[in-house]
Every structure is written in structure tokens, then in C-alpha cells.
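In what follows, a structure is listed as C-alpha cells, so that the remarks can point back to it.
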Amino acid sequence: MPNPAALDEPTTAARPARPALWSDYVQLLKPRVMSLVVFTALTGLVCAPQDIHPFLAAVAVLCIAVGAGAAGALNMAVEGDTDALMKRTRGRPVAAGRVARGDALAYGVLLSLLAVMLMGLALNWLAAGLLAFTIVFYAWFYTVILKRSTPQNIVIGGAAGALPPVIGWAAASGSAPLDAWLLFLIIFLWTPPHFWALSLYTTDDYAKAGIPMMPVVRGAASTRKQILAYSLVLAPVAAAPLFTGLGGAAYGAVSIVGGLAFVGLAWRLYRSRAGEAPGEREEGLYDVKAGAKAARNLFAFSILYLFALFAALLAEHGLKGSIV
Amino acid sequence: MTDDEFKAARKRRNVALALALTAFVVLVFVITIVKLGAA
């Protein structure tokens with residue numbers, strides 16, 4: 001039997017430069033991603049026609065946030081080696097060696113179980129089932145299988161990021177009707193142009209890590225064309241809640257004006273040389289900068305666009321007061 | 001990092017864990033009260 005006193009002593013052999021801090025465990029939860037998930041889930045919850053106790057509504061949002069964070073921790077546990085190769089991700093706790101892979105994995109599994117069980121016990125098992133599906137879909141199907149095997153990784157994997165409003169709706173009402181899936185569809189169609197715009201100016205990073213992002217596999221021109229195609233589908237779909245009764249006048253104004261601006265920026269990006277190698281044209285350096293600007297503009301606007309759409313719905317339904 | 005610093009950091013983590021567990025117990029208790037009230 002080991003000596004308890006010895007167990008209490010820190011082992012110098014396998015000791016990292018510094019022990020993991022609580023802030024490392026917060027970082028494992030990907031707080032920025034979590035904030036977007038919370039926002040869209042809250043919108044789904046508020047849009048649901050049924051009344052829900054405010055405390056239970058807060059518990060539902062907490063469960064979704066913790067579930068999303070757990071999926072992020074599992075993602076970082078699996079991708080520690082790949083993250084270490086990319087500028088954008090090499091400071092993450094597992095990639096930087098501040099948290100052991102096994103600890104991140106255990107942390108992710110534990111939080112997933114807690115979030116799903118609490119959702120089931122406090123709200124309902126449809127919401128809990130959708131939350132469990134989302135975590136498994138992101139942490140296993142997307143991270144382990146899709147991400148490294150197909151340039152459509154973002155398209156299919158985007159389903160995980162699109163589910164939170166459906167989970168929020170299900171938590172409040174115990175059902176997932178067409179309007180909830182319309183919110184899913186908006187985020188699902190928004191994801192490819194959003195991430196491909198980003199990947200057009202971070203292509204080298206993805207190539208170095210061996211991740212088959214669209215610009216790496218199919219080239220920049222094909223990616224720009226697909227961004228435009230998705231934008232042309234996204235804009236009318238984002239306006240659809242206006243016709244199902246889910247969105248009101250404010251939502252209609254945001255979706256129509258925002259949709260036109262989104263398509264306009266996607267068209268500019270399509271006409272640019274974003275993502276192409278420097279020196280391809282005579283005035284290469286200038287072109288690369290100009291192209292990257294078009295991609296950055298669409299990436300930045302896409303965040304504002306999604307935020308504005310859901311904020312409009314939240315404001316319209318929040319004012320009606322579905323949480324009592 | 002010295003052993004003392006290492007132990008102090010570990011203690012801070014353990015305190016955070018204890019607080020999280022306590023918060024979870026309180027949360028489950030309040031959920032139970034709210035659900036019973038609704039029923």
C-alpha cells in the first residue's frame with residue numbers, strides 16, 4: 001500500500017512547469033464559443049410559446065453552457081497535438097502542456113454527464129437527449145472523424161453548433177417544432193460561409209496541421225464560390241421566420257437588410273483573390289492584402305449578422321414575456 | 001516553481017472544486033424545491 005504522506009508530496013519527475021490553474025480549466029470550456037451557444041439557446045428558450053419558471057430557465061441555459069463547455073474540453077483533449085501546430089490554438093491548455101490530456105478528457109466527460117443528467121431531471125429528457133447528441137456529435141463525430149477526413153467537415157459538423165436553440169426550445173416546451181428547426185437551419189447555413197471566410201486567411205495554419213479545410217483541398221476560388229452559394233441560400237432562409245410568424249417587423253428589417261449586406265460582402269469576396277498564394281499576380285502583396293480584407297470583412301460581418309438576427313428575436317419574444 | 005508554490009496552486013484548485021461541488025448540491029436542492037412547488 002502506498003504511503004499517504006508520499007502521495008501528498010508533489011512528484012518532481014512528471015511535474016509540469018507550473019500546475020494547472022483554475023483559469024486553465026475555464027479556458028478548456030472555450031468561453032467565447034460558449035457565449036454564442038448561450039445566446040442562441042436563450043433565444044430558442046424565449047421563443048418557445050410555453051411559460052417556464054425563471055429558475056428552471058436559468059438551469060436550462062446553465063446545462064447547455066456546461067454541455068457546450070464539456071464538448072470544448074473533449075475537443076481540446078483529443079486535438080492537443082494538432083492544436084500545438086497552429087498559431088491560433090497553440091496556447092490552449094492541453095496543447096501548451098498545462099493540463100494533461102487525461103485530465104481534460106475526464107473533466108469533459110464528467111461535465112457532460114452532469115449537464116445532461118441535470119437537464120433531464122430539471123427540465124425534460126427531450127432537451128437532455130438533444131444535449132447529449134450535440135456533445136457526442138461535436139466531440140466524437142466532428143472532432144475525431146469528420147474534421148480530418150473531409151473538406152465538408154465544417155458543413156456537417158456545423159449541426160452541433162446549430163442545435164442549441166432547438167435544445168433551448170425543447171427545454172421550455174418539451175417539443176421541437178418547425179420554428180425551432182428553422183433557427184437550427186439559419187445557424188447551419190451560416191456556419192460554412194463564416195468559417196470558410198476565416199479559413200481563407202488562415203489556410204497555412206490548417207495545411208500545417210493536416211486539416212483538410214476547403215481552401216486547402218479545393219483551393220481558394222472554389223471556396224469563394226461556395227461561400228457565395230451558401231450566402232444566397234442563407235439570406236432567404238434567415239428571412240423565413242417572418243413568414244412563419246416567429247419573427248416580427250424588427251426581425252424582418254434585420255434579416256432583409258442584413259441578408260442583402262451578407263450577400264453583397266460574399267459577392268465582393270467571390271470577386272477578390274482572397275486565399276490565393278502571394279506573388280500569383282504581379283502586384284501580389286497588395287492583392288493578398290486586399291483579398292484578405294474581403295474575407296475578414298465577411299467573417300466579421302457574419303458574427304454581427306447572426307447576433308443581430310437572434311437579438312431581434314430575443315427582443316421581440318422577450319418583450320412578450322414567455323418566462324414567468 | 002518551488003514545492004510550496006506547487007502545493008499552494010493545488011490547494012487553490014481543490015478549493016475551487018469544493019466550491020463547485022457545494023454549488024451543485026445547492027442547485028439540485030433548489031431545483032427540487034421549485035419542481036415540488038410547481039407540482
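Simple scheme: letters A, B, ... for chains in C-alpha cells order, numbers from 1 for residues in each chain, numbers from 1 for ligands in the order shown.
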- Message: Write out as a PyMOL selection string the set of residues from range 100-231 of chain A that DSSP, computed on the backbone, places in alpha helix (DSSP H).
- Response: chain A and resi 101-122+125-136+147-149+153-162+164-173+178-200+203-209+214-217+220-231
Residues from last step as file, C-alpha atoms, as a compact mmCIF listing (two decimals), in the first residue's frame:
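Result file follows (result_6.txt):
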# COMPACT_ATOMS: atom_id res chain seq x y z
CA ARG A 101 -4.76 15.12 -21.83
CA GLY A 102 -6.32 12.57 -19.44
CA ASP A 103 -7.37 15.31 -17.02
CA ALA A 104 -9.05 17.28 -19.83
CA LEU A 105 -10.80 14.12 -21.00
CA ALA A 106 -12.08 13.25 -17.50
CA TYR A 107 -13.17 16.86 -16.97
CA GLY A 108 -15.11 16.85 -20.27
CA VAL A 109 -16.81 13.51 -19.60
CA LEU A 110 -17.77 14.47 -16.04
CA LEU A 111 -19.24 17.84 -17.06
CA SER A 112 -21.11 16.23 -19.97
CA LEU A 113 -22.74 13.70 -17.65
CA LEU A 114 -23.65 16.36 -15.09
CA ALA A 115 -25.12 18.71 -17.72
CA VAL A 116 -27.21 16.00 -19.41
CA MET A 117 -28.49 14.46 -16.18
CA LEU A 118 -29.36 17.83 -14.68
CA MET A 119 -31.18 18.86 -17.87
CA GLY A 120 -33.17 15.61 -17.82
CA LEU A 121 -34.09 15.85 -14.14
CA ALA A 122 -34.82 19.59 -14.01
CA TRP A 125 -35.49 14.25 -21.38
CA LEU A 126 -36.03 15.51 -24.95
CA ALA A 127 -33.81 18.50 -24.18
CA ALA A 128 -31.35 16.22 -22.33
CA GLY A 129 -31.25 13.81 -25.28
CA LEU A 130 -30.63 16.63 -27.77
CA LEU A 131 -27.86 17.99 -25.50
CA ALA A 132 -26.23 14.54 -25.25
CA PHE A 133 -26.47 14.11 -29.03
CA THR A 134 -24.86 17.54 -29.57
CA ILE A 135 -21.93 16.77 -27.26
CA VAL A 136 -21.26 13.36 -28.83
CA LYS A 147 -12.53 17.11 -39.19
CA ARG A 148 -9.60 15.14 -40.56
CA SER A 149 -11.41 13.19 -43.28
CA ASN A 153 -16.18 18.94 -42.05
CA ILE A 154 -17.49 22.42 -41.27
CA VAL A 155 -20.75 21.87 -43.15
CA ILE A 156 -21.71 18.62 -41.39
CA GLY A 157 -20.09 19.50 -38.06
CA GLY A 158 -21.97 22.79 -38.09
CA ALA A 159 -25.04 20.85 -36.97
CA ALA A 160 -23.57 20.71 -33.45
CA GLY A 161 -23.30 24.49 -33.26
CA ALA A 162 -26.78 24.90 -34.74
CA PRO A 164 -28.54 24.97 -29.04
CA PRO A 165 -31.68 27.00 -29.96
CA VAL A 166 -33.54 23.71 -30.53
CA ILE A 167 -32.34 22.45 -27.14
CA GLY A 168 -33.46 25.72 -25.53
CA TRP A 169 -36.87 25.48 -27.22
CA ALA A 170 -37.23 21.82 -26.15
CA ALA A 171 -36.21 22.69 -22.58
CA ALA A 172 -39.01 25.24 -22.35
CA SER A 173 -41.76 23.36 -24.17
CA LEU A 178 -40.72 23.53 -37.18
CA ASP A 179 -39.88 27.05 -35.97
CA ALA A 180 -37.17 25.63 -33.68
CA TRP A 181 -35.65 23.77 -36.63
CA LEU A 182 -35.80 26.98 -38.67
CA LEU A 183 -33.42 28.53 -36.11
CA PHE A 184 -31.25 25.42 -36.49
CA LEU A 185 -31.24 25.84 -40.27
CA ILE A 186 -30.20 29.51 -40.07
CA ILE A 187 -27.10 28.69 -37.98
CA PHE A 188 -26.41 25.57 -40.05
CA LEU A 189 -26.34 27.58 -43.30
CA TRP A 190 -24.45 30.46 -41.67
CA THR A 191 -21.58 28.24 -40.47
CA PRO A 192 -19.85 27.40 -43.81
CA PRO A 193 -19.51 30.99 -45.09
CA HIS A 194 -18.45 32.11 -41.60
CA PHE A 195 -15.69 29.52 -41.15
CA TRP A 196 -14.56 29.38 -44.76
CA ALA A 197 -14.11 33.17 -44.74
CA LEU A 198 -11.84 32.71 -41.69
CA SER A 199 -10.01 29.77 -43.23
CA LEU A 200 -9.28 31.77 -46.41
CA THR A 203 -5.02 28.45 -44.82
CA ASP A 204 -1.33 27.93 -43.96
CA ASP A 205 -2.17 27.08 -40.36
CA TYR A 206 -4.71 24.41 -41.36
CA ALA A 207 -2.38 22.96 -44.01
CA LYS A 208 0.44 22.71 -41.45
CA ALA A 209 -1.85 20.81 -39.06
CA MET A 214 -11.95 23.65 -48.01
CA PRO A 215 -9.31 26.20 -49.20
CA VAL A 216 -6.53 23.65 -48.56
CA VAL A 217 -8.21 20.83 -50.51
CA ALA A 220 -9.43 29.43 -52.75
CA ALA A 221 -11.51 30.05 -55.91
CA SER A 222 -13.80 27.06 -55.25
CA THR A 223 -14.16 28.11 -51.58
CA ARG A 224 -15.14 31.66 -52.54
CA LYS A 225 -17.75 30.28 -54.97
CA GLN A 226 -19.21 28.01 -52.28
CA ILE A 227 -19.29 30.88 -49.77
CA LEU A 228 -21.36 32.88 -52.26
CA ALA A 229 -23.68 29.90 -52.91
CA TYR A 230 -24.32 29.36 -49.19
CA SER A 231 -24.89 33.10 -48.68
- Task: Write out as a ChimeraX atom specification each polymer residue whose atoms come within 12 Å of range 19-21 of chain B, counting only C-alpha atoms; drop sequence neighbours fewer than 6 positions from it.
- Result: /A:22,111,114 /B:12-13,27-28
With N, CA and C atoms retained, export the selected residues as a tab-separated table (two decimals), in the first residue's frame.
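Generated output (again_7.tsv):
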chain	number	residue	atom	x	y	z
A	22	TRP	N	-7.04	27.20	-12.04
A	22	TRP	CA	-8.47	27.11	-12.32
A	22	TRP	C	-8.79	27.82	-13.63
A	111	LEU	N	-18.33	16.71	-16.85
A	111	LEU	CA	-19.24	17.84	-17.06
A	111	LEU	C	-20.37	17.47	-18.02
A	114	LEU	N	-22.92	15.48	-16.02
A	114	LEU	CA	-23.65	16.36	-15.09
A	114	LEU	C	-24.67	17.22	-15.84
B	12	ARG	N	-5.49	25.86	-4.17
B	12	ARG	CA	-6.47	26.77	-4.80
B	12	ARG	C	-7.41	25.99	-5.71
B	13	ARG	N	-6.85	25.04	-6.45
B	13	ARG	CA	-7.68	24.21	-7.34
B	13	ARG	C	-8.67	23.39	-6.53
B	27	LEU	N	-27.75	23.78	-5.99
B	27	LEU	CA	-28.54	23.87	-7.22
B	27	LEU	C	-29.58	22.76	-7.29
B	28	VAL	N	-29.16	21.54	-7.01
B	28	VAL	CA	-30.08	20.40	-7.06
B	28	VAL	C	-31.18	20.57	-6.00
- Task: Using only C-alpha atoms, find which residues of chain B lie within 7 Å of chain A and jot them down as a count of residues only.
- Result: 5
- Would you mind reading off the distance between CA of Ala239 in chain A and CA of Val254 in chain A, one decimal, in Å?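 That distance, rounded to one decimal, is 8.8 Å.
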- Computed interatomic separation between CA of Pro177 in chain A and CA of Val257 in chain A (Å):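 Straight-line distance from CA of Pro177 in chain A to CA of Val257 in chain A works out to 26.9 Å.
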- Interatomic distance (Å, one decimal) between CA of Lys320 in chain A and CA of Leu45 in chain A: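 Separating CA of Lys320 in chain A from CA of Leu45 in chain A is a distance of 13.0 Å.
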